[in-house]
Amino acid sequence: MLISGLHFLKNQLVFKLKNGFLITLFFGLGISFHFYNSLNEEKFNLKTNETIVFKVSKKLNSNEKYKKYEVRAQVREKSFDAVLSVVRDQKELDFNHYYRAKAYVVQPKSPEHDFQFDYSKYLHRKNIDYQCFINGEISSATRSDLSFSEKIKQNRLEILQQINDSEMNFRSREFLKGIILADRTEIDSETVQDFNRSGLVHFLAISGTHIVVIFGMFYFLMMRFSPVQFKKYAIVISLIFIWIFGVFIGFGNSVVRSCIMISVYFIYVLLQRKPDLLHSVGLSAMIILVIDTQQIFDVGFQLSFLAVLGIYWLNQPILKYFPRQDHYFKKLIYNTVSISIAAQLATLPLVLYYFHQFSLISILANFFIVPFSELIIIFSFLMTALIGFNLDFEIFNLIYDFVIQYLLKIIHWFAGFDSVFFENIPLNLTEVFALFAVVFFLRFVLEEFNLKNSSNLSLTIFTFLIIRITFNLIEYQKDEFLVHHYKKETVFSVKKGDRVEFWLNSEQEKSKILQYVINPYQSSRRIKNVELKHIPASAKMVIFNGKSFPLESP
């Protein structure tokens, strides 16, 4: 008996030590890979005005003044990666040419204050340490050394141009480019705002839903026109198609994640092993992080995997509250809605932490829009294929244009419910983890509503409220005076408790200052009341507590 007990304790000890050893091993490997991936190229002492030779690596989102690109640039014998900004009236740059131009070269600086987005850190994680601005003439020379990936990127760019030349409405064209070709670089700000405020931005971005729908479309066609015994080959060919599609649309981070996750899942099926969602998610995350450990800091990476875990944790408990799914159409609709709700609940803490906004209308909007997303994605994919093969049928353009225009009007209507849209919501990491605890215990209440489960959920909610009230009280005890700079504008803020006054010296950049200075400050400092005041136009400086502050940025 004693020997059996000792043997049991020994096995338990070995088991615990093995788990600890594996955790330590993988953590150490992660640190090593991250150190390797963080090795940046040597920085150069470049002049402010340089003549650079460059080639385009990627097109980025434009703004009202500039078109933006990621480029590989060279100054004399020195090569570096940079974000290039070109005035909007310049001709579109492509992958077929080398370019030469006079550029204003700067290294992005860290923000003045802790509540502002650190763009320099964001670029640094992509191994980009320079920004180049071109306002003058750009000369070009045709390339003869295009790599295979650059040829694919150029073909994608040409299809995007074909979509631009189609007879569809501008917004329909930009929607088509975004939902299938992952190009949202020219989409108008009003449309982006509508998707953000309605909680449907995931519909516009290439995500797991798009990859699954496209995989399902290929798989359906393969099974429709081939014998049942070729099921395995249909899976393999469908996986190959989605990887080809992923490469074609630019192999963005979200696309790679989705392709890896669905591939790992169906490899389990092909090996005749029971698919395990958690194993698939874990293996997919490990593959991605081995390739690029910087992905762990990517918001899309975090939200993507969190959404999948949320579906695993909450979908079935939520689904049982829906009516009986005794028909294929009912099953499709109810599963789509329950999956959307589960993903939203799981990602809500991080969404609030990163974006500080949430709309209650998003639940209703997803309920109506998401069930039809598969049809919209398939229709958009077919439209892109037709345009890509120069089969531009006017009747299809008219039908697609009508459907998308109507869809955008519905989304705009959902986005107009200002009374249920909340912004500048303060949330720190401690509160995030407390909210995750609420989501964790919510499953047990949904599965079985009893005293124990409801008590646990109530306790976690109460703990979250205590933590939140504590941080609010701490912040309300602080007073603060800050000087903010945006372009050539100087803004002063005076905080007392939960109130702040912002003093602006002009109306010129008010909307941008509100977006990039005032709103982030309000959510960071847990401000309840904001008051905007204007400094007299004749004033040259502001004196506060015996210190002088000029009204123009240095």
# chains A, B, ... in the order shown; residues from 1 in each chain; ligands from 1
call {"tool": "residues_around", "arguments": {"residues": "Phe444 in chain A", "least_positions_apart": "5", "cutoff": "10 Å", "atoms": "only C-alpha atoms", "output": "PyMOL selection string"}}
result
chain A and resi 313-314+317+439+449-450+452-454+456-457
call {"tool": "residues_around", "arguments": {"residues": "Gln116 in chain A", "least_positions_apart": "4", "cutoff": "10 Å", "atoms": "only C-alpha atoms", "output": "JSON, numbers by chain"}}
result
{"A": [110, 111, 112, 516, 517, 518, 519, 520, 521, 524]}
call {"tool": "write_last_selection", "arguments": {"atoms": "N, CA and C atoms", "output": "short mmCIF file (atom, residue, chain, number, x, y, z; two decimals), in the first residue's frame"}}
result
data_model
loop_
_atom_site.label_atom_id
_atom_site.label_comp_id
_atom_site.auth_asym_id
_atom_site.auth_seq_id
_atom_site.Cartn_x
_atom_site.Cartn_y
_atom_site.Cartn_z
N SER A 110 8.33 59.08 -31.25
CA SER A 110 7.35 58.60 -30.27
C SER A 110 6.42 59.76 -29.91
N PRO A 111 5.18 59.47 -29.52
CA PRO A 111 4.24 60.54 -29.21
C PRO A 111 4.65 61.32 -27.96
N GLU A 112 4.11 62.52 -27.86
CA GLU A 112 4.42 63.38 -26.71
C GLU A 112 3.94 62.77 -25.40
N TYR A 516 -7.55 62.82 -32.52
CA TYR A 516 -6.23 62.31 -32.17
C TYR A 516 -5.68 62.81 -30.84
N VAL A 517 -6.30 63.83 -30.27
CA VAL A 517 -5.81 64.38 -29.00
C VAL A 517 -6.87 64.30 -27.91
N ILE A 518 -8.01 64.93 -28.14
CA ILE A 518 -9.01 65.07 -27.08
C ILE A 518 -9.65 63.74 -26.72
N ASN A 519 -10.13 62.99 -27.71
CA ASN A 519 -10.78 61.70 -27.41
C ASN A 519 -9.85 60.70 -26.73
N PRO A 520 -8.62 60.50 -27.22
CA PRO A 520 -7.70 59.60 -26.50
C PRO A 520 -7.42 60.05 -25.07
N TYR A 521 -7.28 61.37 -24.88
CA TYR A 521 -7.03 61.88 -23.54
C TYR A 521 -8.23 61.61 -22.63
N SER A 524 -8.28 57.94 -21.68
CA SER A 524 -7.13 57.57 -20.85
C SER A 524 -7.27 58.09 -19.42
#
call {"tool": "closest_atom_pairs", "arguments": {"of": "range 296-380 of chain A", "to": "range 282-290 of chain A", "cutoff": "12 Å", "atoms": "only C-alpha atoms", "output": "JSON lines"}}
result
{"residue": "A:Ile296", "atom": "CA", "partner": "A:Leu289", "partner_atom": "CA", "distance": 7.0}
{"residue": "A:Phe297", "atom": "CA", "partner": "A:Leu289", "partner_atom": "CA", "distance": 10.4}
{"residue": "A:Asp298", "atom": "CA", "partner": "A:Leu289", "partner_atom": "CA", "distance": 11.0}
{"residue": "A:Phe301", "atom": "CA", "partner": "A:Ala285", "partner_atom": "CA", "distance": 8.9}
{"residue": "A:Gln302", "atom": "CA", "partner": "A:Ala285", "partner_atom": "CA", "distance": 10.0}
{"residue": "A:Ser304", "atom": "CA", "partner": "A:Ala285", "partner_atom": "CA", "distance": 10.4}
{"residue": "A:Phe305", "atom": "CA", "partner": "A:Ala285", "partner_atom": "CA", "distance": 8.0}
{"residue": "A:Leu306", "atom": "CA", "partner": "A:Ala285", "partner_atom": "CA", "distance": 11.2}
{"residue": "A:Val308", "atom": "CA", "partner": "A:Gly282", "partner_atom": "CA", "distance": 11.0}
{"residue": "A:Leu309", "atom": "CA", "partner": "A:Gly282", "partner_atom": "CA", "distance": 10.3}
call {"tool": "write_last_selection", "arguments": {"atoms": "all heavy atoms", "output": "PDB file, in the first residue's frame"}}
result
ATOM      1  N   ILE A 296       2.252  38.728 -32.187  1.00  0.00           N
ATOM      2  CA  ILE A 296       1.552  38.656 -30.907  1.00  0.00           C
ATOM      3  C   ILE A 296       1.103  40.042 -30.443  1.00  0.00           C
ATOM      4  O   ILE A 296       0.174  40.175 -29.642  1.00  0.00           O
ATOM      5  CB  ILE A 296       2.436  37.976 -29.836  1.00  0.00           C
ATOM      6  CG1 ILE A 296       1.561  37.472 -28.680  1.00  0.00           C
ATOM      7  CG2 ILE A 296       3.529  38.918 -29.342  1.00  0.00           C
ATOM      8  CD1 ILE A 296       2.275  36.559 -27.726  1.00  0.00           C
ATOM      9  N   PHE A 297       1.754  41.094 -30.945  1.00  0.00           N
ATOM     10  CA  PHE A 297       1.365  42.466 -30.594  1.00  0.00           C
ATOM     11  C   PHE A 297       0.322  43.031 -31.555  1.00  0.00           C
ATOM     12  O   PHE A 297      -0.177  44.135 -31.340  1.00  0.00           O
ATOM     13  CB  PHE A 297       2.598  43.382 -30.606  1.00  0.00           C
ATOM     14  CG  PHE A 297       3.677  42.954 -29.646  1.00  0.00           C
ATOM     15  CD1 PHE A 297       4.847  42.373 -30.108  1.00  0.00           C
ATOM     16  CD2 PHE A 297       3.513  43.105 -28.279  1.00  0.00           C
ATOM     17  CE1 PHE A 297       5.841  41.967 -29.228  1.00  0.00           C
ATOM     18  CE2 PHE A 297       4.499  42.700 -27.387  1.00  0.00           C
ATOM     19  CZ  PHE A 297       5.665  42.125 -27.871  1.00  0.00           C
ATOM     20  N   ASP A 298       0.006  42.284 -32.618  1.00  0.00           N
ATOM     21  CA  ASP A 298      -0.935  42.758 -33.621  1.00  0.00           C
ATOM     22  C   ASP A 298      -2.362  42.618 -33.097  1.00  0.00           C
ATOM     23  O   ASP A 298      -2.775  41.541 -32.650  1.00  0.00           O
ATOM     24  CB  ASP A 298      -0.754  41.950 -34.910  1.00  0.00           C
ATOM     25  CG  ASP A 298      -1.647  42.467 -36.025  1.00  0.00           C
ATOM     26  OD1 ASP A 298      -1.307  43.496 -36.612  1.00  0.00           O
ATOM     27  OD2 ASP A 298      -2.685  41.831 -36.288  1.00  0.00           O
ATOM     28  N   PHE A 301      -4.362  39.893 -34.808  1.00  0.00           N
ATOM     29  CA  PHE A 301      -3.992  38.552 -34.349  1.00  0.00           C
ATOM     30  C   PHE A 301      -4.720  38.214 -33.050  1.00  0.00           C
ATOM     31  O   PHE A 301      -5.314  37.143 -32.905  1.00  0.00           O
ATOM     32  CB  PHE A 301      -2.474  38.489 -34.144  1.00  0.00           C
ATOM     33  CG  PHE A 301      -1.970  37.197 -33.559  1.00  0.00           C
ATOM     34  CD1 PHE A 301      -1.615  36.138 -34.376  1.00  0.00           C
ATOM     35  CD2 PHE A 301      -1.852  37.040 -32.181  1.00  0.00           C
ATOM     36  CE1 PHE A 301      -1.149  34.933 -33.838  1.00  0.00           C
ATOM     37  CE2 PHE A 301      -1.393  35.854 -31.639  1.00  0.00           C
ATOM     38  CZ  PHE A 301      -1.046  34.804 -32.464  1.00  0.00           C
ATOM     39  N   GLN A 302      -4.683  39.138 -32.115  1.00  0.00           N
ATOM     40  CA  GLN A 302      -5.313  38.903 -30.812  1.00  0.00           C
ATOM     41  C   GLN A 302      -6.818  38.726 -30.949  1.00  0.00           C
ATOM     42  O   GLN A 302      -7.409  37.791 -30.385  1.00  0.00           O
ATOM     43  CB  GLN A 302      -4.990  40.069 -29.874  1.00  0.00           C
ATOM     44  CG  GLN A 302      -3.512  40.221 -29.553  1.00  0.00           C
ATOM     45  CD  GLN A 302      -3.212  41.508 -28.805  1.00  0.00           C
ATOM     46  OE1 GLN A 302      -4.092  42.151 -28.261  1.00  0.00           O
ATOM     47  NE2 GLN A 302      -1.943  41.895 -28.780  1.00  0.00           N
ATOM     48  N   SER A 304      -8.537  37.915 -33.635  1.00  0.00           N
ATOM     49  CA  SER A 304      -8.869  36.758 -34.467  1.00  0.00           C
ATOM     50  C   SER A 304      -8.908  35.475 -33.645  1.00  0.00           C
ATOM     51  O   SER A 304      -9.891  34.725 -33.682  1.00  0.00           O
ATOM     52  CB  SER A 304      -7.855  36.631 -35.611  1.00  0.00           C
ATOM     53  OG  SER A 304      -8.113  35.497 -36.388  1.00  0.00           O
ATOM     54  N   PHE A 305      -7.851  35.224 -32.885  1.00  0.00           N
ATOM     55  CA  PHE A 305      -7.798  33.996 -32.097  1.00  0.00           C
ATOM     56  C   PHE A 305      -8.774  34.053 -30.921  1.00  0.00           C
ATOM     57  O   PHE A 305      -9.348  33.033 -30.530  1.00  0.00           O
ATOM     58  CB  PHE A 305      -6.370  33.738 -31.609  1.00  0.00           C
ATOM     59  CG  PHE A 305      -5.489  33.146 -32.667  1.00  0.00           C
ATOM     60  CD1 PHE A 305      -4.693  33.944 -33.457  1.00  0.00           C
ATOM     61  CD2 PHE A 305      -5.486  31.778 -32.894  1.00  0.00           C
ATOM     62  CE1 PHE A 305      -3.895  33.397 -34.449  1.00  0.00           C
ATOM     63  CE2 PHE A 305      -4.689  31.215 -33.886  1.00  0.00           C
ATOM     64  CZ  PHE A 305      -3.896  32.032 -34.661  1.00  0.00           C
ATOM     65  N   LEU A 306      -8.971  35.239 -30.379  1.00  0.00           N
ATOM     66  CA  LEU A 306      -9.913  35.385 -29.277  1.00  0.00           C
ATOM     67  C   LEU A 306     -11.342  35.110 -29.752  1.00  0.00           C
ATOM     68  O   LEU A 306     -12.141  34.504 -29.025  1.00  0.00           O
ATOM     69  CB  LEU A 306      -9.813  36.797 -28.695  1.00  0.00           C
ATOM     70  CG  LEU A 306     -10.420  37.022 -27.311  1.00  0.00           C
ATOM     71  CD1 LEU A 306      -9.799  36.083 -26.288  1.00  0.00           C
ATOM     72  CD2 LEU A 306     -10.209  38.466 -26.886  1.00  0.00           C
ATOM     73  N   VAL A 308     -12.210  33.052 -32.162  1.00  0.00           N
ATOM     74  CA  VAL A 308     -12.348  31.600 -32.329  1.00  0.00           C
ATOM     75  C   VAL A 308     -12.542  30.922 -30.973  1.00  0.00           C
ATOM     76  O   VAL A 308     -13.396  30.039 -30.810  1.00  0.00           O
ATOM     77  CB  VAL A 308     -11.118  31.020 -33.055  1.00  0.00           C
ATOM     78  CG1 VAL A 308     -11.205  29.493 -33.124  1.00  0.00           C
ATOM     79  CG2 VAL A 308     -11.006  31.591 -34.460  1.00  0.00           C
ATOM     80  N   LEU A 309     -11.767  31.350 -29.981  1.00  0.00           N
ATOM     81  CA  LEU A 309     -11.920  30.785 -28.635  1.00  0.00           C
ATOM     82  C   LEU A 309     -13.296  31.117 -28.061  1.00  0.00           C
ATOM     83  O   LEU A 309     -13.900  30.299 -27.354  1.00  0.00           O
ATOM     84  CB  LEU A 309     -10.816  31.315 -27.716  1.00  0.00           C
ATOM     85  CG  LEU A 309      -9.392  30.837 -28.039  1.00  0.00           C
ATOM     86  CD1 LEU A 309      -8.373  31.542 -27.140  1.00  0.00           C
ATOM     87  CD2 LEU A 309      -9.279  29.328 -27.882  1.00  0.00           C
TER      88      LEU A 309
END
call {"tool": "residues_around", "arguments": {"residues": "range 494-499 of chain A", "least_positions_apart": "3", "cutoff": "7 Å", "atoms": "only C-alpha atoms", "output": "VMD selection string"}}
result
chain A and resid 476 to 482 502 526 to 530
call {"tool": "closest_residue", "arguments": {"among": "A:Thr384, A:Asn505, A:Ser79, A:Asn196", "to": "Gln161 in chain A", "atoms": "only C-alpha atoms"}}
result
A:Thr384
call {"tool": "residues_around", "arguments": {"residues": "Phe358 in chain A", "least_positions_apart": "2", "cutoff": "8 Å", "atoms": "only C-alpha atoms", "output": "ChimeraX atom specification"}}
result
/A:197,199,351-352,356,360,421-423
call {"tool": "write_last_selection", "arguments": {"atoms": "all heavy atoms", "output": "mmCIF file, in the first residue's frame"}}
result
data_model
loop_
_atom_site.group_PDB
_atom_site.id
_atom_site.type_symbol
_atom_site.label_atom_id
_atom_site.label_comp_id
_atom_site.auth_asym_id
_atom_site.auth_seq_id
_atom_site.Cartn_x
_atom_site.Cartn_y
_atom_site.Cartn_z
ATOM 1 N N ARG A 197 -19.246 52.131 -36.608
ATOM 2 C CA ARG A 197 -20.306 52.472 -35.668
ATOM 3 C C ARG A 197 -21.400 51.413 -35.607
ATOM 4 O O ARG A 197 -22.093 51.308 -34.600
ATOM 5 C CB ARG A 197 -20.911 53.834 -36.029
ATOM 6 C CG ARG A 197 -19.956 55.003 -35.841
ATOM 7 C CD ARG A 197 -20.596 56.310 -36.284
ATOM 8 N NE ARG A 197 -21.650 56.723 -35.378
ATOM 9 C CZ ARG A 197 -21.485 57.537 -34.346
ATOM 10 N NH1 ARG A 197 -20.283 58.021 -34.071
ATOM 11 N NH2 ARG A 197 -22.504 57.879 -33.579
ATOM 12 N N GLY A 199 -20.701 48.197 -35.909
ATOM 13 C CA GLY A 199 -20.094 46.953 -35.433
ATOM 14 C C GLY A 199 -19.943 45.904 -36.516
ATOM 15 O O GLY A 199 -19.828 44.712 -36.218
ATOM 16 N N VAL A 351 -11.756 44.922 -27.577
ATOM 17 C CA VAL A 351 -12.278 45.997 -28.428
ATOM 18 C C VAL A 351 -12.394 47.291 -27.630
ATOM 19 O O VAL A 351 -12.005 48.369 -28.086
ATOM 20 C CB VAL A 351 -13.641 45.599 -29.026
ATOM 21 C CG1 VAL A 351 -14.322 46.804 -29.676
ATOM 22 C CG2 VAL A 351 -13.475 44.485 -30.056
ATOM 23 N N LEU A 352 -12.918 47.186 -26.417
ATOM 24 C CA LEU A 352 -13.033 48.372 -25.553
ATOM 25 C C LEU A 352 -11.656 48.905 -25.161
ATOM 26 O O LEU A 352 -11.460 50.123 -25.061
ATOM 27 C CB LEU A 352 -13.838 48.030 -24.301
ATOM 28 C CG LEU A 352 -15.315 47.661 -24.497
ATOM 29 C CD1 LEU A 352 -15.960 47.313 -23.166
ATOM 30 C CD2 LEU A 352 -16.065 48.803 -25.169
ATOM 31 N N HIS A 356 -11.973 51.797 -27.439
ATOM 32 C CA HIS A 356 -12.724 52.620 -26.479
ATOM 33 C C HIS A 356 -14.098 53.033 -26.995
ATOM 34 O O HIS A 356 -14.580 54.120 -26.692
ATOM 35 C CB HIS A 356 -11.920 53.870 -26.095
ATOM 36 C CG HIS A 356 -10.560 53.569 -25.551
ATOM 37 N ND1 HIS A 356 -10.369 53.002 -24.319
ATOM 38 C CD2 HIS A 356 -9.316 53.727 -26.095
ATOM 39 C CE1 HIS A 356 -9.072 52.837 -24.107
ATOM 40 N NE2 HIS A 356 -8.417 53.249 -25.164
ATOM 41 N N LEU A 360 -24.477 49.311 -29.033
ATOM 42 C CA LEU A 360 -25.433 48.240 -28.752
ATOM 43 C C LEU A 360 -26.165 47.812 -30.022
ATOM 44 O O LEU A 360 -26.638 46.679 -30.119
ATOM 45 C CB LEU A 360 -26.446 48.714 -27.707
ATOM 46 C CG LEU A 360 -25.912 48.882 -26.279
ATOM 47 C CD1 LEU A 360 -26.993 49.469 -25.384
ATOM 48 C CD2 LEU A 360 -25.428 47.549 -25.715
ATOM 49 N N PHE A 421 -24.683 54.440 -29.178
ATOM 50 C CA PHE A 421 -23.257 54.381 -29.511
ATOM 51 C C PHE A 421 -22.467 55.074 -28.405
ATOM 52 O O PHE A 421 -22.701 56.239 -28.094
ATOM 53 C CB PHE A 421 -22.990 55.052 -30.857
ATOM 54 C CG PHE A 421 -21.531 55.035 -31.245
ATOM 55 C CD1 PHE A 421 -20.935 53.871 -31.706
ATOM 56 C CD2 PHE A 421 -20.764 56.187 -31.144
ATOM 57 C CE1 PHE A 421 -19.605 53.851 -32.056
ATOM 58 C CE2 PHE A 421 -19.427 56.171 -31.502
ATOM 59 C CZ PHE A 421 -18.848 54.999 -31.961
ATOM 60 N N PHE A 422 -21.555 54.347 -27.804
ATOM 61 C CA PHE A 422 -20.767 54.874 -26.695
ATOM 62 C C PHE A 422 -19.296 54.922 -27.107
ATOM 63 O O PHE A 422 -18.740 53.939 -27.610
ATOM 64 C CB PHE A 422 -20.926 53.981 -25.461
ATOM 65 C CG PHE A 422 -22.359 53.764 -25.050
ATOM 66 C CD1 PHE A 422 -23.055 52.639 -25.475
ATOM 67 C CD2 PHE A 422 -23.015 54.694 -24.267
ATOM 68 C CE1 PHE A 422 -24.371 52.433 -25.117
ATOM 69 C CE2 PHE A 422 -24.330 54.511 -23.894
ATOM 70 C CZ PHE A 422 -25.022 53.376 -24.324
ATOM 71 N N GLU A 423 -18.669 56.062 -26.890
ATOM 72 C CA GLU A 423 -17.252 56.213 -27.231
ATOM 73 C C GLU A 423 -16.482 56.771 -26.049
ATOM 74 O O GLU A 423 -17.057 57.181 -25.038
ATOM 75 C CB GLU A 423 -17.089 57.116 -28.454
ATOM 76 C CG GLU A 423 -17.691 58.486 -28.324
ATOM 77 C CD GLU A 423 -17.556 59.290 -29.609
ATOM 78 O OE1 GLU A 423 -16.716 58.931 -30.457
ATOM 79 O OE2 GLU A 423 -18.287 60.280 -29.753
#
call {"tool": "residues_around", "arguments": {"residues": "Leu60 in chain A", "least_positions_apart": "6", "cutoff": "7 Å", "atoms": "only C-alpha atoms", "output": "ChimeraX atom specification"}}
result
/A:68-70,185
call {"tool": "write_last_selection", "arguments": {"atoms": "all heavy atoms", "output": "compact mmCIF listing (two decimals), in the first residue's frame"}}
result
# COMPACT_ATOMS: atom_id res chain seq x y z
N LYS A 68 -0.28 56.39 -49.82
CA LYS A 68 0.82 55.85 -49.02
C LYS A 68 1.20 54.45 -49.49
O LYS A 68 0.34 53.67 -49.90
CB LYS A 68 0.44 55.82 -47.54
CG LYS A 68 0.26 57.21 -46.93
CD LYS A 68 0.04 57.12 -45.42
CE LYS A 68 -0.07 58.51 -44.81
NZ LYS A 68 -0.20 58.46 -43.34
N TYR A 69 2.50 54.16 -49.40
CA TYR A 69 3.03 52.87 -49.81
C TYR A 69 4.13 52.44 -48.86
O TYR A 69 4.83 53.28 -48.27
CB TYR A 69 3.64 52.95 -51.22
CG TYR A 69 2.72 53.45 -52.29
CD1 TYR A 69 2.57 54.82 -52.51
CD2 TYR A 69 2.00 52.58 -53.09
CE1 TYR A 69 1.73 55.30 -53.52
CE2 TYR A 69 1.16 53.04 -54.10
CZ TYR A 69 1.03 54.41 -54.30
OH TYR A 69 0.20 54.88 -55.28
N GLU A 70 4.28 51.13 -48.71
CA GLU A 70 5.50 50.59 -48.12
C GLU A 70 6.47 50.35 -49.26
O GLU A 70 6.11 49.74 -50.27
CB GLU A 70 5.22 49.27 -47.38
CG GLU A 70 4.56 49.44 -46.02
CD GLU A 70 4.42 48.12 -45.28
OE1 GLU A 70 5.11 47.15 -45.67
OE2 GLU A 70 3.61 48.06 -44.34
N THR A 185 -7.77 50.73 -49.44
CA THR A 185 -6.90 51.91 -49.43
C THR A 185 -7.60 53.19 -49.86
O THR A 185 -7.20 54.27 -49.48
CB THR A 185 -5.68 51.67 -50.33
OG1 THR A 185 -6.14 51.34 -51.66
CG2 THR A 185 -4.84 50.52 -49.82
call {"tool": "residues_around", "arguments": {"residues": "Ile163 in chain A", "least_positions_apart": "2", "cutoff": "8 Å", "atoms": "only C-alpha atoms", "output": "PyMOL selection string"}}
result
chain A and resi 159-161+165-166+173+177+384+387
call {"tool": "write_last_selection", "arguments": {"atoms": "all heavy atoms", "output": "short mmCIF file (atom, residue, chain, number, x, y, z; two decimals), in the first residue's frame"}}
result
data_model
loop_
_atom_site.label_atom_id
_atom_site.label_comp_id
_atom_site.auth_asym_id
_atom_site.auth_seq_id
_atom_site.Cartn_x
_atom_site.Cartn_y
_atom_site.Cartn_z
N ILE A 159 -6.15 44.05 -61.66
CA ILE A 159 -7.57 43.73 -61.47
C ILE A 159 -8.26 44.84 -60.68
O ILE A 159 -9.40 45.21 -60.97
CB ILE A 159 -7.73 42.38 -60.77
CG1 ILE A 159 -7.25 41.25 -61.69
CG2 ILE A 159 -9.18 42.14 -60.36
CD1 ILE A 159 -7.35 39.87 -61.08
N LEU A 160 -7.57 45.39 -59.68
CA LEU A 160 -8.12 46.52 -58.93
C LEU A 160 -8.40 47.70 -59.87
O LEU A 160 -9.42 48.38 -59.74
CB LEU A 160 -7.15 46.94 -57.82
CG LEU A 160 -6.99 45.98 -56.64
CD1 LEU A 160 -5.85 46.41 -55.73
CD2 LEU A 160 -8.29 45.89 -55.83
N GLN A 161 -7.49 47.92 -60.83
CA GLN A 161 -7.69 49.01 -61.77
C GLN A 161 -8.86 48.71 -62.70
O GLN A 161 -9.64 49.61 -63.05
CB GLN A 161 -6.41 49.21 -62.60
CG GLN A 161 -6.45 50.44 -63.51
CD GLN A 161 -6.71 51.72 -62.73
OE1 GLN A 161 -6.03 52.02 -61.77
NE2 GLN A 161 -7.72 52.48 -63.17
N ASP A 165 -12.34 50.84 -63.31
CA ASP A 165 -12.82 51.26 -64.63
C ASP A 165 -14.22 50.74 -64.94
O ASP A 165 -14.77 51.06 -66.00
CB ASP A 165 -11.85 50.77 -65.71
CG ASP A 165 -10.47 51.43 -65.58
OD1 ASP A 165 -10.40 52.53 -65.00
OD2 ASP A 165 -9.48 50.83 -66.05
N SER A 166 -14.80 49.93 -64.04
CA SER A 166 -16.14 49.39 -64.29
C SER A 166 -17.19 50.49 -64.12
O SER A 166 -16.90 51.58 -63.62
CB SER A 166 -16.43 48.22 -63.35
OG SER A 166 -16.54 48.67 -62.01
N ARG A 173 -17.70 49.82 -55.97
CA ARG A 173 -16.38 49.39 -56.41
C ARG A 173 -15.43 49.22 -55.23
O ARG A 173 -14.71 48.22 -55.14
CB ARG A 173 -15.80 50.41 -57.40
CG ARG A 173 -16.56 50.56 -58.69
CD ARG A 173 -15.69 51.21 -59.76
NE ARG A 173 -15.15 52.49 -59.35
CZ ARG A 173 -15.68 53.67 -59.64
NH1 ARG A 173 -16.82 53.71 -60.35
NH2 ARG A 173 -15.12 54.79 -59.25
N LYS A 177 -13.63 45.78 -53.84
CA LYS A 177 -12.17 45.68 -53.69
C LYS A 177 -11.81 45.29 -52.26
O LYS A 177 -10.86 44.54 -52.02
CB LYS A 177 -11.52 47.01 -54.06
CG LYS A 177 -11.56 47.31 -55.55
CD LYS A 177 -11.43 48.80 -55.85
CE LYS A 177 -10.11 49.36 -55.37
NZ LYS A 177 -9.98 50.79 -55.72
N THR A 384 -15.64 39.61 -59.06
CA THR A 384 -14.21 39.84 -59.21
C THR A 384 -13.62 38.92 -60.28
O THR A 384 -12.79 39.35 -61.11
CB THR A 384 -13.48 39.61 -57.88
OG1 THR A 384 -14.06 40.44 -56.87
CG2 THR A 384 -12.00 39.94 -58.00
N ILE A 387 -14.70 40.20 -63.77
CA ILE A 387 -13.94 41.40 -64.15
C ILE A 387 -12.50 41.03 -64.45
O ILE A 387 -11.89 41.55 -65.40
CB ILE A 387 -14.03 42.45 -63.04
CG1 ILE A 387 -15.46 42.97 -62.91
CG2 ILE A 387 -13.08 43.62 -63.32
CD1 ILE A 387 -15.69 43.90 -61.73
#
call {"tool": "select_by_dssp", "arguments": {"residues": "range 258-421 of chain A", "states": "strand (DSSP E)", "output": "ChimeraX atom specification"}}
result
/A:357-359,421
call {"tool": "write_last_selection", "arguments": {"atoms": "C-alpha atoms", "output": "tab-separated table (two decimals), in the first residue's frame"}}
result
chain	number	residue	atom	x	y	z
A	357	GLN	CA	-16.08	52.47	-28.26
A	358	PHE	CA	-19.05	50.14	-28.57
A	359	SER	CA	-22.52	50.27	-30.09
A	421	PHE	CA	-23.26	54.38	-29.51
call {"tool": "decode", "arguments": {"residues": "range 291-309 of chain A", "atoms": "C-alpha atoms", "output": "compact mmCIF listing (two decimals), in the first residue's frame"}}
result
# COMPACT_ATOMS: atom_id res chain seq x y z
CA ILE A 291 7.47 32.83 -38.47
CA ASP A 292 6.97 36.29 -36.94
CA THR A 293 6.81 36.74 -33.17
CA GLN A 294 5.84 40.40 -33.63
CA GLN A 295 2.37 39.13 -34.58
CA ILE A 296 1.55 38.66 -30.91
CA PHE A 297 1.36 42.47 -30.59
CA ASP A 298 -0.94 42.76 -33.62
CA VAL A 299 -4.50 43.69 -32.66
CA GLY A 300 -5.90 41.62 -35.52
CA PHE A 301 -3.99 38.55 -34.35
CA GLN A 302 -5.31 38.90 -30.81
CA LEU A 303 -8.92 39.53 -31.86
CA SER A 304 -8.87 36.76 -34.47
CA PHE A 305 -7.80 34.00 -32.10
CA LEU A 306 -9.91 35.38 -29.28
CA ALA A 307 -12.99 35.28 -31.53
CA VAL A 308 -12.35 31.60 -32.33
CA LEU A 309 -11.92 30.78 -28.63
